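I have placed the structure first, in the form of structure tokens, so that the comments after it can refer back to it.
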Amino acid sequence: MSDHDSGAHRRSALRTVQMEADAVAALAQRIDASFDHACEILLATRGRVIVTGMGKSGHIARKIAATLASTGTPAHFVHPGEASHGDMGMITSEDSVIALSNSGKVPEVVTLLPLLKRLGTPVISMTGDPTSPLAQASDAHLNTGVETEACPLDLAPTSSTTTALVMGDALAIALLEARGFTAEDFAFSHPGGTLGKKLLLKVEDVMRGDNQVPRVAPQTPLAEALLEISAKGLGMTTVVDEAGHLDGIFTDGDLRRAIDARIDINATAISELMSRGPKTVTPGMLAAEALRIMEENRITSLVVLDGSAVVGVVHLMSLLQAGIA
């Protein structure tokens, strides 16, 4: 490939990016009372938000429906062509409809308007023509029009689908904030994703518990404590009293200091070498919070306490394996 060809490709790409960026920037002037009214309709919807559109607008409509559903507004896509052949049964009077069409004249969408009016289902339209049949028949119209498509022929939907997508995102986020939708709510819609794991998994779900927890008594010689550390494989041990309450911990860092001090590993009790007041967490704490504590303190494990009793240890490796980090 010649340098000339590469330059032409890049100029074309940059022109496209700039044209679409300009089209999106122009939307800022259209976030007005109609947008407020659209939000009010959607917030008052007792059923679901039905999003519809044909062709490229249909693909954008599917994405808007998915975004709404994942951010606290129950929604799904209905194909307008299929709606005329039975799928109108998916739409009820308690629903609301968001209809996308750049021209506002697509027959498959316009055909639905009398039926939706008969149902009493409010319609929000996104078109590039406020005078179109779809815009005029809507309860709220959002102007997503563009001066020209990024396509040099001004034919392929490019800038217009981008503006519709961004307007859909604007609606979704406005509704999200109005509903007080939280990160935890989002996680429940995405339990299999990384965010879901971060926000739903608790320390008790990933900690080592019961016999997997390394424990030694304060009077235990260092030599014996090292055997416990090796057996449990966490690179540390808790030091607990007779009641199982935490006195301290002994880690590989403490071991290095003990070696540097040339202590007698058979005669020195672990209580003389342990670190007191270690960082701890509780079983019900979010695993993501435990990770934050580890990162801030540059440590790889945390003791899990129920009150003052040791019930587990959460290790960085467990968090990595759970997909938290």
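Ordered as shown in the structure tokens, chains take letters A, B, and onward, while each chain numbers its residues from 1 and ligands are numbered from 1 in the order shown.
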
* To do: List every residue of segment 125-156 of chain A that DSSP, applied to the backbone, labels as alpha helix (DSSP H), and write the result as JSON, numbers by chain.
  => {"A": [133, 134, 135, 136, 137]}

* Residue contacts of Met294 of chain A (12 Å, only C-alpha atoms) excluding same-chain residues fewer than 4 positions away, as a PyMOL selection string -> chain A and resi 278-281+287-290+298-303+314-317+319+325

Closest atom pairs, segment 23-78 of chain A residues within 12 Å of segment 92-107 of chain A, only C-alpha atoms, as JSON lines:
```
{"residue": "A:Ala38", "atom": "CA", "partner": "A:Ile98", "partner_atom": "CA", "distance": 9.2}
{"residue": "A:Cys39", "atom": "CA", "partner": "A:Ser96", "partner_atom": "CA", "distance": 11.1}
{"residue": "A:Glu40", "atom": "CA", "partner": "A:Ser96", "partner_atom": "CA", "distance": 11.1}
{"residue": "A:Ile41", "atom": "CA", "partner": "A:Ser96", "partner_atom": "CA", "distance": 7.5}
{"residue": "A:Leu42", "atom": "CA", "partner": "A:Ser96", "partner_atom": "CA", "distance": 6.8}
{"residue": "A:Leu43", "atom": "CA", "partner": "A:Ser96", "partner_atom": "CA", "distance": 9.9}
{"residue": "A:Ala44", "atom": "CA", "partner": "A:Ser96", "partner_atom": "CA", "distance": 9.2}
{"residue": "A:Thr45", "atom": "CA", "partner": "A:Asp95", "partner_atom": "CA", "distance": 6.0}
{"residue": "A:Arg46", "atom": "CA", "partner": "A:Glu94", "partner_atom": "CA", "distance": 5.5}
{"residue": "A:Gly47", "atom": "CA", "partner": "A:Asp95", "partner_atom": "CA", "distance": 4.5}
{"residue": "A:Arg48", "atom": "CA", "partner": "A:Asp95", "partner_atom": "CA", "distance": 4.8}
{"residue": "A:Val49", "atom": "CA", "partner": "A:Ser96", "partner_atom": "CA", "distance": 5.0}
{"residue": "A:Ile50", "atom": "CA", "partner": "A:Val97", "partner_atom": "CA", "distance": 4.6}
{"residue": "A:Val51", "atom": "CA", "partner": "A:Ile98", "partner_atom": "CA", "distance": 4.7}
{"residue": "A:Thr52", "atom": "CA", "partner": "A:Ala99", "partner_atom": "CA", "distance": 5.0}
{"residue": "A:Gly53", "atom": "CA", "partner": "A:Leu100", "partner_atom": "CA", "distance": 4.9}
{"residue": "A:Met54", "atom": "CA", "partner": "A:Ser101", "partner_atom": "CA", "distance": 7.3}
{"residue": "A:Gly55", "atom": "CA", "partner": "A:Ser101", "partner_atom": "CA", "distance": 9.2}
{"residue": "A:Lys56", "atom": "CA", "partner": "A:Ser101", "partner_atom": "CA", "distance": 9.1}
{"residue": "A:Ser57", "atom": "CA", "partner": "A:Leu100", "partner_atom": "CA", "distance": 5.9}
{"residue": "A:Gly58", "atom": "CA", "partner": "A:Leu100", "partner_atom": "CA", "distance": 7.4}
{"residue": "A:His59", "atom": "CA", "partner": "A:Leu100", "partner_atom": "CA", "distance": 10.0}
{"residue": "A:Ile60", "atom": "CA", "partner": "A:Leu100", "partner_atom": "CA", "distance": 8.3}
{"residue": "A:Ala61", "atom": "CA", "partner": "A:Leu100", "partner_atom": "CA", "distance": 6.8}
{"residue": "A:Arg62", "atom": "CA", "partner": "A:Leu100", "partner_atom": "CA", "distance": 10.5}
{"residue": "A:Lys63", "atom": "CA", "partner": "A:Leu100", "partner_atom": "CA", "distance": 11.9}
{"residue": "A:Ile64", "atom": "CA", "partner": "A:Ile98", "partner_atom": "CA", "distance": 9.4}
{"residue": "A:Ala65", "atom": "CA", "partner": "A:Ile98", "partner_atom": "CA", "distance": 9.1}
{"residue": "A:Leu68", "atom": "CA", "partner": "A:Ile98", "partner_atom": "CA", "distance": 11.3}
{"residue": "A:Thr73", "atom": "CA", "partner": "A:Ser96", "partner_atom": "CA", "distance": 11.3}
{"residue": "A:Pro74", "atom": "CA", "partner": "A:Asp95", "partner_atom": "CA", "distance": 9.9}
{"residue": "A:Ala75", "atom": "CA", "partner": "A:Asp95", "partner_atom": "CA", "distance": 9.3}
{"residue": "A:His76", "atom": "CA", "partner": "A:Val97", "partner_atom": "CA", "distance": 9.9}
{"residue": "A:Phe77", "atom": "CA", "partner": "A:Ile98", "partner_atom": "CA", "distance": 9.5}
{"residue": "A:Val78", "atom": "CA", "partner": "A:Val97", "partner_atom": "CA", "distance": 9.6}
```

Kindly export the residues of the current selection with N, CA and C atoms, as an mmCIF file, in the first residue's frame.
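Writing the result to part.cif gives the following:
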```cif
data_model
loop_
_atom_site.group_PDB
_atom_site.id
_atom_site.type_symbol
_atom_site.label_atom_id
_atom_site.label_comp_id
_atom_site.auth_asym_id
_atom_site.auth_seq_id
_atom_site.Cartn_x
_atom_site.Cartn_y
_atom_site.Cartn_z
ATOM 1 N N ALA A 38 -40.422 14.022 27.425
ATOM 2 C CA ALA A 38 -40.148 12.615 27.135
ATOM 3 C C ALA A 38 -39.751 11.869 28.407
ATOM 4 N N CYS A 39 -38.909 12.502 29.215
ATOM 5 C CA CYS A 39 -38.494 11.872 30.469
ATOM 6 C C CYS A 39 -39.680 11.671 31.402
ATOM 7 N N GLU A 40 -40.549 12.661 31.465
ATOM 8 C CA GLU A 40 -41.723 12.555 32.332
ATOM 9 C C GLU A 40 -42.634 11.408 31.895
ATOM 10 N N ILE A 41 -42.798 11.256 30.584
ATOM 11 C CA ILE A 41 -43.607 10.142 30.069
ATOM 12 C C ILE A 41 -42.998 8.808 30.474
ATOM 13 N N LEU A 42 -41.697 8.686 30.295
ATOM 14 C CA LEU A 42 -41.034 7.414 30.597
ATOM 15 C C LEU A 42 -41.034 7.117 32.091
ATOM 16 N N LEU A 43 -40.839 8.138 32.909
ATOM 17 C CA LEU A 43 -40.857 7.927 34.362
ATOM 18 C C LEU A 43 -42.249 7.538 34.855
ATOM 19 N N ALA A 44 -43.283 7.987 34.159
ATOM 20 C CA ALA A 44 -44.659 7.686 34.563
ATOM 21 C C ALA A 44 -45.146 6.355 34.001
ATOM 22 N N THR A 45 -44.356 5.736 33.128
ATOM 23 C CA THR A 45 -44.764 4.479 32.495
ATOM 24 C C THR A 45 -44.834 3.358 33.528
ATOM 25 N N ARG A 46 -45.990 2.745 33.624
ATOM 26 C CA ARG A 46 -46.168 1.652 34.586
ATOM 27 C C ARG A 46 -45.806 0.301 33.983
ATOM 28 N N GLY A 47 -45.829 0.215 32.666
ATOM 29 C CA GLY A 47 -45.453 -1.020 31.997
ATOM 30 C C GLY A 47 -44.005 -0.973 31.556
ATOM 31 N N ARG A 48 -43.796 -1.265 30.284
ATOM 32 C CA ARG A 48 -42.438 -1.269 29.744
ATOM 33 C C ARG A 48 -42.295 -0.236 28.638
ATOM 34 N N VAL A 49 -41.054 0.143 28.383
ATOM 35 C CA VAL A 49 -40.766 1.043 27.277
ATOM 36 C C VAL A 49 -40.481 0.188 26.047
ATOM 37 N N ILE A 50 -41.298 0.381 25.009
ATOM 38 C CA ILE A 50 -41.121 -0.347 23.758
ATOM 39 C C ILE A 50 -40.338 0.542 22.802
ATOM 40 N N VAL A 51 -39.225 0.054 22.294
ATOM 41 C CA VAL A 51 -38.414 0.833 21.355
ATOM 42 C C VAL A 51 -38.508 0.154 19.993
ATOM 43 N N THR A 52 -38.755 0.962 18.950
ATOM 44 C CA THR A 52 -38.977 0.377 17.633
ATOM 45 C C THR A 52 -38.324 1.218 16.554
ATOM 46 N N GLY A 53 -38.020 0.592 15.434
ATOM 47 C CA GLY A 53 -37.413 1.271 14.298
ATOM 48 C C GLY A 53 -37.085 0.265 13.219
ATOM 49 N N MET A 54 -36.983 0.730 11.981
ATOM 50 C CA MET A 54 -36.681 -0.130 10.836
ATOM 51 C C MET A 54 -35.241 0.060 10.385
ATOM 52 N N GLY A 55 -34.680 -0.971 9.789
ATOM 53 C CA GLY A 55 -33.347 -0.871 9.197
ATOM 54 C C GLY A 55 -32.289 -0.469 10.201
ATOM 55 N N LYS A 56 -31.431 0.484 9.805
ATOM 56 C CA LYS A 56 -30.369 0.935 10.711
ATOM 57 C C LYS A 56 -30.955 1.529 11.976
ATOM 58 N N SER A 57 -32.082 2.237 11.852
ATOM 59 C CA SER A 57 -32.737 2.788 13.037
ATOM 60 C C SER A 57 -33.185 1.671 13.978
ATOM 61 N N GLY A 58 -33.514 0.528 13.398
ATOM 62 C CA GLY A 58 -33.903 -0.620 14.215
ATOM 63 C C GLY A 58 -32.746 -1.140 15.040
ATOM 64 N N HIS A 59 -31.555 -1.149 14.426
ATOM 65 C CA HIS A 59 -30.377 -1.591 15.181
ATOM 66 C C HIS A 59 -30.103 -0.641 16.347
ATOM 67 N N ILE A 60 -30.241 0.665 16.103
ATOM 68 C CA ILE A 60 -30.042 1.638 17.175
ATOM 69 C C ILE A 60 -31.116 1.481 18.241
ATOM 70 N N ALA A 61 -32.346 1.214 17.795
ATOM 71 C CA ALA A 61 -33.451 1.025 18.736
ATOM 72 C C ALA A 61 -33.187 -0.158 19.663
ATOM 73 N N ARG A 62 -32.636 -1.227 19.114
ATOM 74 C CA ARG A 62 -32.308 -2.389 19.953
ATOM 75 C C ARG A 62 -31.294 -2.006 21.032
ATOM 76 N N LYS A 63 -30.299 -1.229 20.644
ATOM 77 C CA LYS A 63 -29.280 -0.838 21.612
ATOM 78 C C LYS A 63 -29.872 0.075 22.678
ATOM 79 N N ILE A 64 -30.732 1.008 22.277
ATOM 80 C CA ILE A 64 -31.362 1.897 23.256
ATOM 81 C C ILE A 64 -32.206 1.096 24.243
ATOM 82 N N ALA A 65 -32.951 0.123 23.732
ATOM 83 C CA ALA A 65 -33.761 -0.719 24.620
ATOM 84 C C ALA A 65 -32.881 -1.456 25.617
ATOM 85 N N LEU A 68 -31.573 1.055 28.250
ATOM 86 C CA LEU A 68 -32.631 1.397 29.205
ATOM 87 C C LEU A 68 -32.838 0.258 30.201
ATOM 88 N N THR A 73 -34.747 1.045 33.611
ATOM 89 C CA THR A 73 -36.008 1.292 32.918
ATOM 90 C C THR A 73 -36.369 0.055 32.110
ATOM 91 N N PRO A 74 -37.317 -0.757 32.567
ATOM 92 C CA PRO A 74 -37.683 -1.973 31.827
ATOM 93 C C PRO A 74 -38.060 -1.637 30.389
ATOM 94 N N ALA A 75 -37.400 -2.286 29.448
ATOM 95 C CA ALA A 75 -37.604 -1.963 28.035
ATOM 96 C C ALA A 75 -37.298 -3.165 27.171
ATOM 97 N N HIS A 76 -37.927 -3.212 25.984
ATOM 98 C CA HIS A 76 -37.530 -4.204 24.984
ATOM 99 C C HIS A 76 -37.854 -3.693 23.587
ATOM 100 N N PHE A 77 -37.224 -4.301 22.611
ATOM 101 C CA PHE A 77 -37.380 -3.901 21.210
ATOM 102 C C PHE A 77 -38.511 -4.690 20.565
ATOM 103 N N VAL A 78 -39.328 -3.999 19.788
ATOM 104 C CA VAL A 78 -40.347 -4.647 18.962
ATOM 105 C C VAL A 78 -40.128 -4.203 17.517
#
```

* **Polymer residues at most 9 Å from Gln219 of chain A, only C-alpha atoms, same-chain spacing of 4 or more positions, as a ChimeraX atom specification** => /A:268-272

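Reported to one decimal place, the separation of atom CA of Ala243 of chain A from atom CA of Pro218 of chain A is 12.1 Å.
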
* Asked: Interatomic distance between atom CA of Met274 of chain A and atom CA of Ile249 of chain A?
  -> 5.4 Å

* Structure fact -> Students should find that atom CA of Asp22 of chain A and atom CA of Val123 of chain A are spaced 27.9 Å

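When only C-alpha atoms are used to compute distances to Pro157 of chain A, the closest of the residues A:Val311, A:Lys117, A:Glu20, A:Leu226 turns out to be A:Glu20.
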